[in-house]
$ cat entry-v4.pdb   # PDB, C-alpha atoms
ATOM      1  CA  MET A   1      22.536  73.986 100.288
ATOM      2  CA  PRO A   2      19.037  73.476 101.838
ATOM      3  CA  ASP A   3      18.979  71.242 104.908
ATOM      4  CA  ALA A   4      17.373  67.826 104.638
ATOM      5  CA  ALA A   5      15.677  68.401 107.987
ATOM      6  CA  SER A   6      12.242  66.916 108.648
ATOM      7  CA  PRO A   7       9.147  69.121 108.885
ATOM      8  CA  LEU A   8       9.183  68.413 112.634
ATOM      9  CA  ASP A   9      12.594  70.017 113.050
ATOM     10  CA  ALA A  10      12.232  72.573 115.851
ATOM     11  CA  ARG A  11      15.129  74.743 114.743
ATOM     12  CA  PRO A  12      14.167  78.169 113.389
ATOM     13  CA  SER A  13      14.726  78.739 109.681
ATOM     14  CA  LEU A  14      17.436  81.009 108.320
ATOM     15  CA  ARG A  15      18.103  82.066 104.747
ATOM     16  CA  LEU A  16      21.765  82.410 103.799
ATOM     17  CA  LEU A  17      23.302  84.423 100.976
ATOM     18  CA  ILE A  18      26.966  83.462 100.618
ATOM     19  CA  ALA A  19      29.074  85.929  98.654
ATOM     20  CA  ALA A  20      31.441  84.743  95.936
ATOM     21  CA  PRO A  21      34.237  85.568  95.422
ATOM     22  CA  ARG A  22      35.316  85.474  99.067
ATOM     23  CA  GLY A  23      38.354  84.362 101.038
ATOM     24  CA  PHE A  24      41.846  83.714  99.735
ATOM     25  CA  CYS A  25      43.132  85.720  96.802
ATOM     26  CA  ALA A  26      46.065  84.777  94.568
ATOM     27  CA  GLY A  27      48.524  86.933  96.498
ATOM     28  CA  VAL A  28      47.605  85.411  99.858
ATOM     29  CA  ASP A  29      47.685  81.888  98.459
ATOM     30  CA  ARG A  30      51.149  82.531  97.002
ATOM     31  CA  ALA A  31      52.483  83.974 100.270
ATOM     32  CA  ILE A  32      51.328  80.968 102.292
ATOM     33  CA  GLN A  33      52.784  78.578  99.729
ATOM     34  CA  ILE A  34      56.126  80.387  99.955
ATOM     35  CA  VAL A  35      56.316  79.748 103.707
ATOM     36  CA  GLU A  36      55.213  76.126 103.360
ATOM     37  CA  ARG A  37      57.613  75.387 100.498
ATOM     38  CA  ALA A  38      60.515  77.051 102.312
ATOM     39  CA  ILE A  39      59.916  74.839 105.356
ATOM     40  CA  GLU A  40      59.691  71.732 103.133
ATOM     41  CA  LYS A  41      62.877  72.529 101.196
ATOM     42  CA  LEU A  42      65.057  74.152 103.838
ATOM     43  CA  GLY A  43      63.686  72.693 107.055
ATOM     44  CA  ALA A  44      62.398  74.434 110.164
ATOM     45  CA  PRO A  45      62.713  76.989 111.488
ATOM     46  CA  VAL A  46      61.950  79.499 108.762
ATOM     47  CA  TYR A  47      61.604  83.062 110.001
ATOM     48  CA  VAL A  48      58.893  85.426 108.737
ATOM     49  CA  ARG A  49      59.100  89.189 109.209
ATOM     50  CA  HIS A  50      55.621  90.315 110.315
ATOM     51  CA  GLU A  51      52.454  88.257 109.850
ATOM     52  CA  ILE A  52      52.655  86.652 106.412
ATOM     53  CA  VAL A  53      48.990  87.631 105.987
ATOM     54  CA  HIS A  54      46.555  89.167 108.459
ATOM     55  CA  ASN A  55      44.863  86.056 109.802
ATOM     56  CA  LYS A  56      45.574  84.403 113.165
ATOM     57  CA  PHE A  57      44.341  80.981 112.025
ATOM     58  CA  VAL A  58      46.767  81.003 109.081
ATOM     59  CA  VAL A  59      49.660  82.298 111.188
ATOM     60  CA  ASP A  60      49.082  79.696 113.925
ATOM     61  CA  ALA A  61      48.917  76.898 111.331
ATOM     62  CA  LEU A  62      52.259  77.998 109.867
ATOM     63  CA  LYS A  63      53.790  78.260 113.348
ATOM     64  CA  ALA A  64      52.820  74.616 113.903
ATOM     65  CA  LYS A  65      54.737  73.675 110.739
ATOM     66  CA  GLY A  66      57.908  75.473 111.804
ATOM     67  CA  ALA A  67      57.509  79.163 110.944
ATOM     68  CA  VAL A  68      58.744  81.731 113.458
ATOM     69  CA  PHE A  69      57.196  85.183 113.207
ATOM     70  CA  VAL A  70      59.181  88.264 114.236
ATOM     71  CA  GLU A  71      58.638  91.982 113.960
ATOM     72  CA  GLU A  72      62.047  93.090 112.763
ATOM     73  CA  LEU A  73      64.973  91.666 110.840
ATOM     74  CA  ASP A  74      67.368  91.973 113.780
ATOM     75  CA  GLN A  75      65.325  89.281 115.548
ATOM     76  CA  VAL A  76      66.293  86.778 112.837
ATOM     77  CA  PRO A  77      69.379  84.705 113.767
ATOM     78  CA  ASP A  78      72.262  84.306 111.341
ATOM     79  CA  GLY A  79      72.152  81.302 109.053
ATOM     80  CA  VAL A  80      68.380  80.818 108.811
ATOM     81  CA  PRO A  81      66.042  81.736 105.916
ATOM     82  CA  VAL A  82      63.666  84.673 106.258
ATOM     83  CA  ILE A  83      60.498  85.555 104.362
ATOM     84  CA  PHE A  84      58.961  89.003 103.908
ATOM     85  CA  SER A  85      55.191  89.309 104.241
ATOM     86  CA  ALA A  86      52.629  89.688 101.464
ATOM     87  CA  HIS A  87      52.131  93.373 102.345
ATOM     88  CA  GLY A  88      55.600  94.352 101.143
ATOM     89  CA  VAL A  89      58.585  95.857 102.966
ATOM     90  CA  PRO A  90      60.730  98.984 102.607
ATOM     91  CA  LYS A  91      63.604  98.300 100.211
ATOM     92  CA  VAL A  92      66.121  98.713 103.048
ATOM     93  CA  VAL A  93      64.894  95.416 104.594
ATOM     94  CA  PRO A  94      66.072  93.060 101.801
ATOM     95  CA  GLN A  95      69.225  95.172 101.508
ATOM     96  CA  LYS A  96      70.038  94.540 105.169
ATOM     97  CA  ALA A  97      69.213  90.836 104.786
ATOM     98  CA  ALA A  98      71.642  90.625 101.869
ATOM     99  CA  GLU A  99      74.343  92.437 103.847
ATOM    100  CA  ARG A 100      73.982  89.818 106.586
ATOM    101  CA  GLY A 101      74.150  86.985 104.087
ATOM    102  CA  LEU A 102      70.664  85.788 104.952
ATOM    103  CA  GLU A 103      68.756  83.674 102.452
ATOM    104  CA  PHE A 104      65.456  85.450 101.936
ATOM    105  CA  PHE A 105      62.272  85.079  99.948
ATOM    106  CA  ASP A 106      59.958  87.981  99.169
ATOM    107  CA  ALA A 107      56.282  87.056  99.505
ATOM    108  CA  THR A 108      55.112  90.561  98.572
ATOM    109  CA  CYS A 109      51.946  90.295  96.487
ATOM    110  CA  PRO A 110      52.878  91.008  92.844
ATOM    111  CA  LEU A 111      50.088  93.598  92.714
ATOM    112  CA  VAL A 112      51.692  95.446  95.627
ATOM    113  CA  SER A 113      55.091  95.148  93.925
ATOM    114  CA  LYS A 114      53.527  96.761  90.853
ATOM    115  CA  VAL A 115      52.654  99.809  92.966
ATOM    116  CA  HIS A 116      56.227  99.874  94.312
ATOM    117  CA  ARG A 117      57.676  99.972  90.802
ATOM    118  CA  GLN A 118      55.257 102.714  89.774
ATOM    119  CA  ALA A 119      56.347 104.788  92.760
ATOM    120  CA  GLU A 120      59.997 104.420  91.815
ATOM    121  CA  ARG A 121      59.326 105.429  88.190
ATOM    122  CA  LEU A 122      57.242 108.461  89.147
ATOM    123  CA  VAL A 123      59.867 109.771  91.566
ATOM    124  CA  LYS A 124      62.568 109.177  88.963
ATOM    125  CA  ASP A 125      60.490 111.291  86.576
ATOM    126  CA  GLY A 126      60.482 114.071  89.158
ATOM    127  CA  ARG A 127      56.874 113.801  90.302
ATOM    128  CA  HIS A 128      55.708 114.081  93.902
ATOM    129  CA  ILE A 129      53.339 111.222  94.819
ATOM    130  CA  LEU A 130      50.078 111.600  96.699
ATOM    131  CA  PHE A 131      49.521 108.147  98.163
ATOM    132  CA  ILE A 132      45.967 107.239  99.135
ATOM    133  CA  GLY A 133      46.000 104.770 102.011
ATOM    134  CA  HIS A 134      45.736 104.131 105.750
ATOM    135  CA  ARG A 135      48.477 105.431 108.013
ATOM    136  CA  GLY A 136      50.527 102.679 109.639
ATOM    137  CA  HIS A 137      49.268  99.834 107.456
ATOM    138  CA  PRO A 138      52.199  97.547 106.498
ATOM    139  CA  GLU A 139      51.507  98.032 102.793
ATOM    140  CA  VAL A 140      51.698 101.803 103.176
ATOM    141  CA  VAL A 141      54.909 101.557 105.211
ATOM    142  CA  GLY A 142      56.410  99.268 102.567
ATOM    143  CA  THR A 143      55.440 101.524  99.683
ATOM    144  CA  PHE A 144      56.789 104.675 101.337
ATOM    145  CA  GLY A 145      59.993 102.726 101.886
ATOM    146  CA  GLN A 146      60.562 102.367  98.144
ATOM    147  CA  VAL A 147      61.393 106.050  97.643
ATOM    148  CA  ASP A 148      63.333 108.790  99.391
ATOM    149  CA  GLU A 149      61.789 110.461 102.409
ATOM    150  CA  GLY A 150      59.637 113.407 101.381
ATOM    151  CA  ALA A 151      58.892 112.054  97.918
ATOM    152  CA  MET A 152      55.414 110.941  98.961
ATOM    153  CA  THR A 153      52.532 112.442 100.925
ATOM    154  CA  LEU A 154      49.858 110.284 102.551
ATOM    155  CA  VAL A 155      46.211 111.095 101.793
ATOM    156  CA  GLU A 156      43.601 109.303 103.909
ATOM    157  CA  THR A 157      40.436 111.357 103.386
ATOM    158  CA  VAL A 158      38.756 113.907 101.136
ATOM    159  CA  GLU A 159      39.503 116.451 103.867
ATOM    160  CA  ASP A 160      43.212 115.684 103.505
ATOM    161  CA  VAL A 161      43.009 116.656  99.826
ATOM    162  CA  ALA A 162      41.706 120.099 100.753
ATOM    163  CA  ALA A 163      44.634 120.603 103.148
ATOM    164  CA  LEU A 164      47.374 119.702 100.643
ATOM    165  CA  ALA A 165      49.910 122.402  99.796
ATOM    166  CA  PRO A 166      52.355 120.830  97.317
ATOM    167  CA  ALA A 167      55.420 122.783  96.220
ATOM    168  CA  ASP A 168      54.676 122.066  92.552
ATOM    169  CA  PRO A 169      50.931 121.480  92.021
ATOM    170  CA  ASP A 170      51.422 120.778  88.313
ATOM    171  CA  ASN A 171      53.935 117.982  88.867
ATOM    172  CA  LEU A 172      52.001 115.460  90.955
ATOM    173  CA  ALA A 173      50.940 111.841  90.621
ATOM    174  CA  TYR A 174      48.783 109.611  92.771
ATOM    175  CA  LEU A 175      48.833 105.947  93.745
ATOM    176  CA  THR A 176      46.682 103.921  96.136
ATOM    177  CA  GLN A 177      46.904 101.118  98.637
ATOM    178  CA  THR A 178      45.564  97.911  97.063
ATOM    179  CA  THR A 179      43.000  97.056  99.767
ATOM    180  CA  LEU A 180      40.943 100.233 100.034
ATOM    181  CA  SER A 181      37.217 100.836  99.760
ATOM    182  CA  VAL A 182      36.459 101.241  96.071
ATOM    183  CA  ASP A 183      33.797 103.881  96.736
ATOM    184  CA  ASP A 184      35.811 105.891  99.281
ATOM    185  CA  THR A 185      38.861 105.871  97.032
ATOM    186  CA  ALA A 186      36.815 107.070  94.069
ATOM    187  CA  GLU A 187      35.617 110.034  96.149
ATOM    188  CA  ILE A 188      39.178 110.917  97.185
ATOM    189  CA  ILE A 189      40.461 110.632  93.611
ATOM    190  CA  ALA A 190      37.604 112.828  92.371
ATOM    191  CA  ALA A 191      38.506 115.508  94.922
ATOM    192  CA  LEU A 192      42.198 115.173  94.123
ATOM    193  CA  THR A 193      41.809 115.436  90.345
ATOM    194  CA  ALA A 194      39.375 118.332  90.709
ATOM    195  CA  ARG A 195      41.975 120.251  92.702
ATOM    196  CA  PHE A 196      45.020 119.055  90.761
ATOM    197  CA  PRO A 197      43.819 118.279  87.199
ATOM    198  CA  ASN A 198      47.360 117.608  85.994
ATOM    199  CA  ALA A 199      48.040 114.902  88.591
ATOM    200  CA  GLN A 200      49.161 111.737  86.789
ATOM    201  CA  ALA A 201      46.950 108.701  87.370
ATOM    202  CA  PRO A 202      48.304 105.146  87.809
ATOM    203  CA  ARG A 203      48.873 103.205  84.598
ATOM    204  CA  SER A 204      46.173 100.802  85.775
ATOM    205  CA  GLU A 205      43.863 100.429  88.760
ATOM    206  CA  ASP A 206      45.867 100.076  91.993
ATOM    207  CA  ILE A 207      43.057  98.601  94.114
ATOM    208  CA  CYS A 208      43.522  94.913  93.467
ATOM    209  CA  TYR A 209      41.052  92.717  91.617
ATOM    210  CA  ALA A 210      40.364  90.632  94.733
ATOM    211  CA  THR A 211      39.481  93.660  96.860
ATOM    212  CA  SER A 212      37.168  95.016  94.159
ATOM    213  CA  ASN A 213      35.549  91.628  93.524
ATOM    214  CA  ARG A 214      34.874  90.918  97.200
ATOM    215  CA  GLN A 215      33.358  94.348  97.740
ATOM    216  CA  ALA A 216      31.154  93.957  94.662
ATOM    217  CA  ALA A 217      29.936  90.564  95.877
ATOM    218  CA  VAL A 218      29.004  91.962  99.299
ATOM    219  CA  GLN A 219      27.341  94.957  97.664
ATOM    220  CA  LYS A 220      25.235  92.520  95.648
ATOM    221  CA  ILE A 221      23.848  90.668  98.685
ATOM    222  CA  ALA A 222      23.779  93.364 101.381
ATOM    223  CA  GLY A 223      20.459  94.907 100.330
ATOM    224  CA  ASP A 224      18.718  91.552 100.719
ATOM    225  CA  CYS A 225      20.271  90.763 104.121
ATOM    226  CA  ASP A 226      19.271  91.744 107.630
ATOM    227  CA  ALA A 227      22.837  91.101 108.771
ATOM    228  CA  VAL A 228      26.179  90.112 107.226
ATOM    229  CA  LEU A 229      28.964  88.174 108.930
ATOM    230  CA  VAL A 230      32.411  89.086 107.591
ATOM    231  CA  ILE A 231      35.030  86.476 108.437
ATOM    232  CA  GLY A 232      38.397  88.144 108.785
ATOM    233  CA  ALA A 233      40.919  89.715 111.130
ATOM    234  CA  PRO A 234      40.519  93.073 112.894
ATOM    235  CA  ASN A 235      43.855  94.211 111.404
ATOM    236  CA  SER A 236      42.862  93.145 107.876
ATOM    237  CA  SER A 237      42.182  96.228 105.768
ATOM    238  CA  ASN A 238      40.201  94.395 103.097
ATOM    239  CA  SER A 239      38.022  92.669 105.734
ATOM    240  CA  LEU A 240      37.218  95.976 107.432
ATOM    241  CA  ARG A 241      36.274  97.427 104.054
ATOM    242  CA  LEU A 242      33.815  94.540 103.537
ATOM    243  CA  VAL A 243      32.113  95.481 106.806
ATOM    244  CA  GLU A 244      31.793  99.065 105.579
ATOM    245  CA  VAL A 245      30.380  97.979 102.222
ATOM    246  CA  ALA A 246      27.776  95.756 103.880
ATOM    247  CA  LYS A 247      26.689  98.573 106.191
ATOM    248  CA  ARG A 248      26.378 100.961 103.263
ATOM    249  CA  GLY A 249      24.183  98.391 101.574
ATOM    250  CA  GLY A 250      21.745  98.545 104.482
ATOM    251  CA  ALA A 251      22.737  95.438 106.448
ATOM    252  CA  ARG A 252      23.992  95.166 110.002
ATOM    253  CA  ALA A 253      27.576  93.955 109.529
ATOM    254  CA  ILE A 254      29.759  92.174 112.068
ATOM    255  CA  LEU A 255      33.411  91.180 111.751
ATOM    256  CA  ILE A 256      34.308  87.798 113.259
ATOM    257  CA  GLU A 257      37.517  85.784 113.198
ATOM    258  CA  ARG A 258      35.944  82.364 113.761
ATOM    259  CA  ALA A 259      32.595  80.694 114.457
ATOM    260  CA  GLU A 260      33.309  80.767 118.184
ATOM    261  CA  ASP A 261      33.077  84.570 118.050
ATOM    262  CA  ILE A 262      29.402  84.500 117.032
ATOM    263  CA  ASP A 263      26.947  85.650 119.665
ATOM    264  CA  ALA A 264      23.626  83.914 118.971
ATOM    265  CA  ARG A 265      21.797  87.046 120.118
ATOM    266  CA  TRP A 266      23.124  88.842 117.032
ATOM    267  CA  LEU A 267      20.823  86.668 114.935
ATOM    268  CA  ASP A 268      17.612  87.455 116.820
ATOM    269  CA  GLY A 269      15.116  88.693 114.255
ATOM    270  CA  VAL A 270      17.439  87.933 111.331
ATOM    271  CA  ALA A 271      15.594  86.233 108.477
ATOM    272  CA  THR A 272      18.356  86.525 105.854
ATOM    273  CA  LEU A 273      22.033  86.387 106.753
ATOM    274  CA  GLY A 274      24.927  87.187 104.445
ATOM    275  CA  ILE A 275      28.314  85.480 104.699
ATOM    276  CA  THR A 276      31.630  86.600 103.243
ATOM    277  CA  ALA A 277      35.337  86.337 104.080
ATOM    278  CA  GLY A 278      38.290  88.668 103.678
ATOM    279  CA  ALA A 279      41.106  87.861 101.268
ATOM    280  CA  SER A 280      43.305  86.367 103.994
ATOM    281  CA  ALA A 281      40.604  84.145 105.533
ATOM    282  CA  PRO A 282      40.704  80.463 104.464
ATOM    283  CA  GLU A 283      37.577  78.655 103.297
ATOM    284  CA  VAL A 284      37.807  76.287 106.278
ATOM    285  CA  LEU A 285      36.677  79.195 108.480
ATOM    286  CA  VAL A 286      33.638  79.742 106.249
ATOM    287  CA  THR A 287      32.791  76.047 106.588
ATOM    288  CA  GLU A 288      33.181  76.333 110.354
ATOM    289  CA  VAL A 289      30.673  79.197 110.456
ATOM    290  CA  LEU A 290      28.217  77.313 108.236
ATOM    291  CA  ASP A 291      28.447  74.284 110.528
ATOM    292  CA  TRP A 292      27.764  76.527 113.540
ATOM    293  CA  LEU A 293      24.677  77.920 111.826
ATOM    294  CA  ARG A 294      23.417  74.509 110.671
ATOM    295  CA  ALA A 295      23.546  73.255 114.254
ATOM    296  CA  ARG A 296      21.114  75.989 115.283
ATOM    297  CA  PHE A 297      18.976  76.735 112.213
ATOM    298  CA  ARG A 298      17.240  75.044 109.327
ATOM    299  CA  ILE A 299      19.236  76.533 106.492
ATOM    300  CA  GLU A 300      17.979  77.567 103.107
ATOM    301  CA  GLY A 301      20.315  79.517 100.939
ATOM    302  CA  GLU A 302      22.429  80.067  97.906
ATOM    303  CA  GLU A 303      25.843  81.223  96.804
ATOM    304  CA  VAL A 304      25.676  84.542  94.967
ATOM    305  CA  THR A 305      28.512  84.764  92.439
ATOM    306  CA  THR A 306      29.484  88.088  90.882
ATOM    307  CA  ALA A 307      32.876  87.082  89.412
ATOM    308  CA  VAL A 308      35.013  83.992  88.830
ATOM    309  CA  GLU A 309      38.681  84.326  89.727
ATOM    310  CA  THR A 310      41.333  82.254  87.953
ATOM    311  CA  LEU A 311      44.477  84.356  88.511
ATOM    312  CA  THR A 312      47.538  82.670  90.030
ATOM    313  CA  PHE A 313      51.028  83.987  90.751
ATOM    314  CA  LYS A 314      54.328  82.178  90.300
ATOM    315  CA  LEU A 315      56.446  81.280  93.304
ATOM    316  CA  PRO A 316      59.956  82.757  93.673
ATOM    317  CA  ARG A 317      62.828  80.978  91.987
ATOM    318  CA  GLY A 318      64.018  78.105  94.146
ATOM    319  CA  LEU A 319      60.565  77.362  95.600
ATOM    320  CA  ALA A 320      58.617  76.539  92.441
ATOM    321  CA  THR A 321      58.931  72.801  93.071
ATOM    322  CA  ALA A 322      58.788  71.057  96.414
TER
END

$ encode --input "entry-v4.pdb" --output "structure tokens"
Amino acid sequence: MPDAASPLDARPSLRLLIAAPRGFCAGVDRAIQIVERAIEKLGAPVYVRHEIVHNKFVVDALKAKGAVFVEELDQVPDGVPVIFSAHGVPKVVPQKAAERGLEFFDATCPLVSKVHRQAERLVKDGRHILFIGHRGHPEVVGTFGQVDEGAMTLVETVEDVAALAPADPDNLAYLTQTTLSVDDTAEIIAALTARFPNAQAPRSEDICYATSNRQAAVQKIAGDCDAVLVIGAPNSSNSLRLVEVAKRGGARAILIERAEDIDARWLDGVATLGITAGASAPEVLVTEVLDWLRARFRIEGEEVTTAVETLTFKLPRGLATA
């Protein structure tokens, strides 16, 4: 990655540490492919309920190909296909689509769907679920929508655990949103299990591999960085968690959506800069940021890899081939 600049190059030097893994995860990649394949096979327009993933660049690119994004199902005309976002939807949404005779494809990340199925099983077994997550996030709304009202209680903080007053303290279970801070969630679970030792844990880790891997990669570089740029959207939970992880590691962390958001003054006095991207940010935006930096600095740097990801998810039936 070092520049081939001459010794007379007047640009200041900057050391880069680029976190890997970063950017797209398997669930995001699958969701985008579902929209693209649906447009190819069925023709435009294809409607999408909510942002398919939390990234304006991705959403705008899909709009240009023929996707129409709406907030609710009643905004979808009759006779056109509709896709549900990667964050998951309450089960009433596909039910209503089926009642209207709409062709629909569910782009819910399979790891989110796994949490949905766990919630259904736990409620069927008579347990009340304590769900660790962020109020109002689409994934939380979708998960609560898998079970009857009152079957789940949201827990956002350690303080929330102290305030819980369940009707049957010995018949609880807990689940988590997939894009949470690993460290924060561990603290909440520790408080929860200390207070309710009989609470049933998930069958496997709910925080997804991509969230954990990206946080670990940022944790690895943050201590050696003066500042870290996190490429992602302000409504992206996993991107916001990367900012928090970088700050905890001792670096000044800034969330940006694109290179054009960078204020050069942020880099005054920065000798080592970290770069990462949230799970819904495409690699092209990382390249854009690197090009911005190369135009202003003599770059020396390296990619710091903490894990190699090979997981892929199958597309829904009917979209597996173009």

$ residues_around --input "entry-v4.pdb" --residues "Arg22 (chain A)" --least-positions-apart "6" --cutoff "6 Å" --atoms "all atoms listed in the file" --output "list of chain:residue names"
A:Arg214, A:Thr276, A:Ala277

$ residues_around --input "entry-v4.pdb" --residues "Leu130 (chain A)" --least-positions-apart "5" --cutoff "7 Å" --atoms "all atoms listed in the file" --output "PDB file with C-alpha atoms, in the coordinates of the input"
ATOM      1  CA  MET A 152      55.414 110.941  98.961  1.00  0.00           C
ATOM      2  CA  THR A 153      52.532 112.442 100.925  1.00  0.00           C
ATOM      3  CA  LEU A 154      49.858 110.284 102.551  1.00  0.00           C
ATOM      4  CA  VAL A 155      46.211 111.095 101.793  1.00  0.00           C
ATOM      5  CA  ALA A 173      50.940 111.841  90.621  1.00  0.00           C
ATOM      6  CA  TYR A 174      48.783 109.611  92.771  1.00  0.00           C
ATOM      7  CA  LEU A 175      48.833 105.947  93.745  1.00  0.00           C
TER       8      LEU A 175
END

$ atom_distance --input "entry-v4.pdb" --atom1 "CA of Leu319 (chain A)" --atom2 "CA of Phe105 (chain A)"
9.0 Å

$ resolve_selection --input "entry-v4.pdb" --expression "the PyMOL selection byres ((chain A and resi 312) around 12)" --output "list of chain:residue names"
A:Phe24, A:Cys25, A:Ala26, A:Gly27, A:Val28, A:Asp29, A:Arg30, A:Ala31, A:Gln33, A:Cys109, A:Pro110, A:Leu111, A:Ala210, A:Glu309, A:Thr310, A:Leu311, A:Phe313, A:Lys314, A:Leu315

$ write_last_selection --input "entry-v4.pdb" --atoms "C-alpha atoms" --output "CSV table (one decimal), keeping the file's coordinate frame"
chain,number,residue,atom,x,y,z
A,24,PHE,CA,41.8,83.7,99.7
A,25,CYS,CA,43.1,85.7,96.8
A,26,ALA,CA,46.1,84.8,94.6
A,27,GLY,CA,48.5,86.9,96.5
A,28,VAL,CA,47.6,85.4,99.9
A,29,ASP,CA,47.7,81.9,98.5
A,30,ARG,CA,51.1,82.5,97.0
A,31,ALA,CA,52.5,84.0,100.3
A,33,GLN,CA,52.8,78.6,99.7
A,109,CYS,CA,51.9,90.3,96.5
A,110,PRO,CA,52.9,91.0,92.8
A,111,LEU,CA,50.1,93.6,92.7
A,210,ALA,CA,40.4,90.6,94.7
A,309,GLU,CA,38.7,84.3,89.7
A,310,THR,CA,41.3,82.3,88.0
A,311,LEU,CA,44.5,84.4,88.5
A,313,PHE,CA,51.0,84.0,90.8
A,314,LYS,CA,54.3,82.2,90.3
A,315,LEU,CA,56.4,81.3,93.3

$ resolve_selection --input "entry-v4.pdb" --expression "the PyMOL selection byres ((chain A and resi 71) around 6)" --output "list in words"
Arg49, His50, Val70 and Glu72 of chain A

$ closest_residue --input "entry-v4.pdb" --among "A:Thr272, A:Gln146, A:Thr193, A:Gln200" --to "Asn171 (chain A)" --atoms "only C-alpha atoms"
A:Gln200

$ closest_residue --input "entry-v4.pdb" --among "A:Arg117, A:Lys220, A:Lys41, A:His87" --to "Thr179 (chain A)" --atoms "all atoms listed in the file"
A:His87

$ resolve_selection --input "entry-v4.pdb" --expression "the PyMOL selection byres ((chain A and resi 141) around 12)" --output "compact mmCIF listing (two decimals) with C-alpha atoms, in the coordinates of the input"
# COMPACT_ATOMS: atom_id res chain seq x y z
CA HIS A 87 52.13 93.37 102.34
CA GLY A 88 55.60 94.35 101.14
CA VAL A 89 58.58 95.86 102.97
CA PRO A 90 60.73 98.98 102.61
CA LYS A 91 63.60 98.30 100.21
CA VAL A 92 66.12 98.71 103.05
CA VAL A 93 64.89 95.42 104.59
CA VAL A 112 51.69 95.45 95.63
CA HIS A 116 56.23 99.87 94.31
CA PHE A 131 49.52 108.15 98.16
CA GLY A 133 46.00 104.77 102.01
CA HIS A 134 45.74 104.13 105.75
CA ARG A 135 48.48 105.43 108.01
CA GLY A 136 50.53 102.68 109.64
CA HIS A 137 49.27 99.83 107.46
CA PRO A 138 52.20 97.55 106.50
CA GLU A 139 51.51 98.03 102.79
CA VAL A 140 51.70 101.80 103.18
CA GLY A 142 56.41 99.27 102.57
CA THR A 143 55.44 101.52 99.68
CA PHE A 144 56.79 104.68 101.34
CA GLY A 145 59.99 102.73 101.89
CA GLN A 146 60.56 102.37 98.14
CA VAL A 147 61.39 106.05 97.64
CA GLU A 149 61.79 110.46 102.41
CA MET A 152 55.41 110.94 98.96
CA THR A 153 52.53 112.44 100.92
CA LEU A 154 49.86 110.28 102.55
CA GLN A 177 46.90 101.12 98.64

$ closest_residue --input "entry-v4.pdb" --among "A:Lys114, A:Arg37, A:Arg265, A:Arg258" --to "Asn55 (chain A)" --atoms "all atoms listed in the file"
A:Arg258

$ closest_residue --input "entry-v4.pdb" --among "A:Ala246, A:Val289, A:Cys225, A:Ala279" --to "Ala259 (chain A)" --atoms "all atoms listed in the file"
A:Val289

$ atom_distance --input "entry-v4.pdb" --atom1 "CA of Glu302 (chain A)" --atom2 "CA of Ala251 (chain A)"
17.6 Å

$ residues_around --input "entry-v4.pdb" --residues "region 184-186 of chain A" --least-positions-apart "2" --cutoff "10 Å" --atoms "only C-alpha atoms" --output "number ranges by chain"
A: 132-133, 156-158, 176-177, 180-182, 188-192, 207, 241

$ write_last_selection --input "entry-v4.pdb" --atoms "C-alpha atoms" --output "PDB file, keeping the file's coordinate frame"
ATOM      1  CA  ILE A 132      45.967 107.239  99.135  1.00  0.00           C
ATOM      2  CA  GLY A 133      46.000 104.770 102.011  1.00  0.00           C
ATOM      3  CA  GLU A 156      43.601 109.303 103.909  1.00  0.00           C
ATOM      4  CA  THR A 157      40.436 111.357 103.386  1.00  0.00           C
ATOM      5  CA  VAL A 158      38.756 113.907 101.136  1.00  0.00           C
ATOM      6  CA  THR A 176      46.682 103.921  96.136  1.00  0.00           C
ATOM      7  CA  GLN A 177      46.904 101.118  98.637  1.00  0.00           C
ATOM      8  CA  LEU A 180      40.943 100.233 100.034  1.00  0.00           C
ATOM      9  CA  SER A 181      37.217 100.836  99.760  1.00  0.00           C
ATOM     10  CA  VAL A 182      36.459 101.241  96.071  1.00  0.00           C
ATOM     11  CA  ILE A 188      39.178 110.917  97.185  1.00  0.00           C
ATOM     12  CA  ILE A 189      40.461 110.632  93.611  1.00  0.00           C
ATOM     13  CA  ALA A 190      37.604 112.828  92.371  1.00  0.00           C
ATOM     14  CA  ALA A 191      38.506 115.508  94.922  1.00  0.00           C
ATOM     15  CA  LEU A 192      42.198 115.173  94.123  1.00  0.00           C
ATOM     16  CA  ILE A 207      43.057  98.601  94.114  1.00  0.00           C
ATOM     17  CA  ARG A 241      36.274  97.427 104.054  1.00  0.00           C
TER      18      ARG A 241
END

$ residues_around --input "entry-v4.pdb" --residues "Phe297 (chain A)" --least-positions-apart "3" --cutoff "12 Å" --atoms "all atoms listed in the file" --output "PyMOL selection string"
chain A and resi 2-5+9-16+264+267-268+270-273+290-294+300-301

$ closest_residue --input "entry-v4.pdb" --among "A:Glu120, A:Asp74, A:Glu260, A:Asp106" --to "Ile231 (chain A)" --atoms "all atoms listed in the file"
A:Glu260

$ residues_around --input "entry-v4.pdb" --residues "Pro234 (chain A)" --least-positions-apart "3" --cutoff "9 Å" --atoms "all atoms listed in the file" --output "number ranges by chain"
A: 54-55, 237, 239-240, 255-257

$ atom_distance --input "entry-v4.pdb" --atom1 "CA of Ala199 (chain A)" --atom2 "CA of Pro169 (chain A)"
8.0 Å

$ axis_aligned_box --input "entry-v4.pdb" --around "region 247-256 of chain A" --padding-each-side "4 Å" --output "JSON"
{"center_x": 28.0, "center_y": 94.4, "center_z": 107.4, "size_x": 20.6, "size_y": 21.2, "size_z": 19.7}

$ closest_residue --input "entry-v4.pdb" --among "A:Pro166, A:Gly101, A:Gly274, A:Pro21" --to "Ile129 (chain A)" --atoms "only C-alpha atoms"
A:Pro166
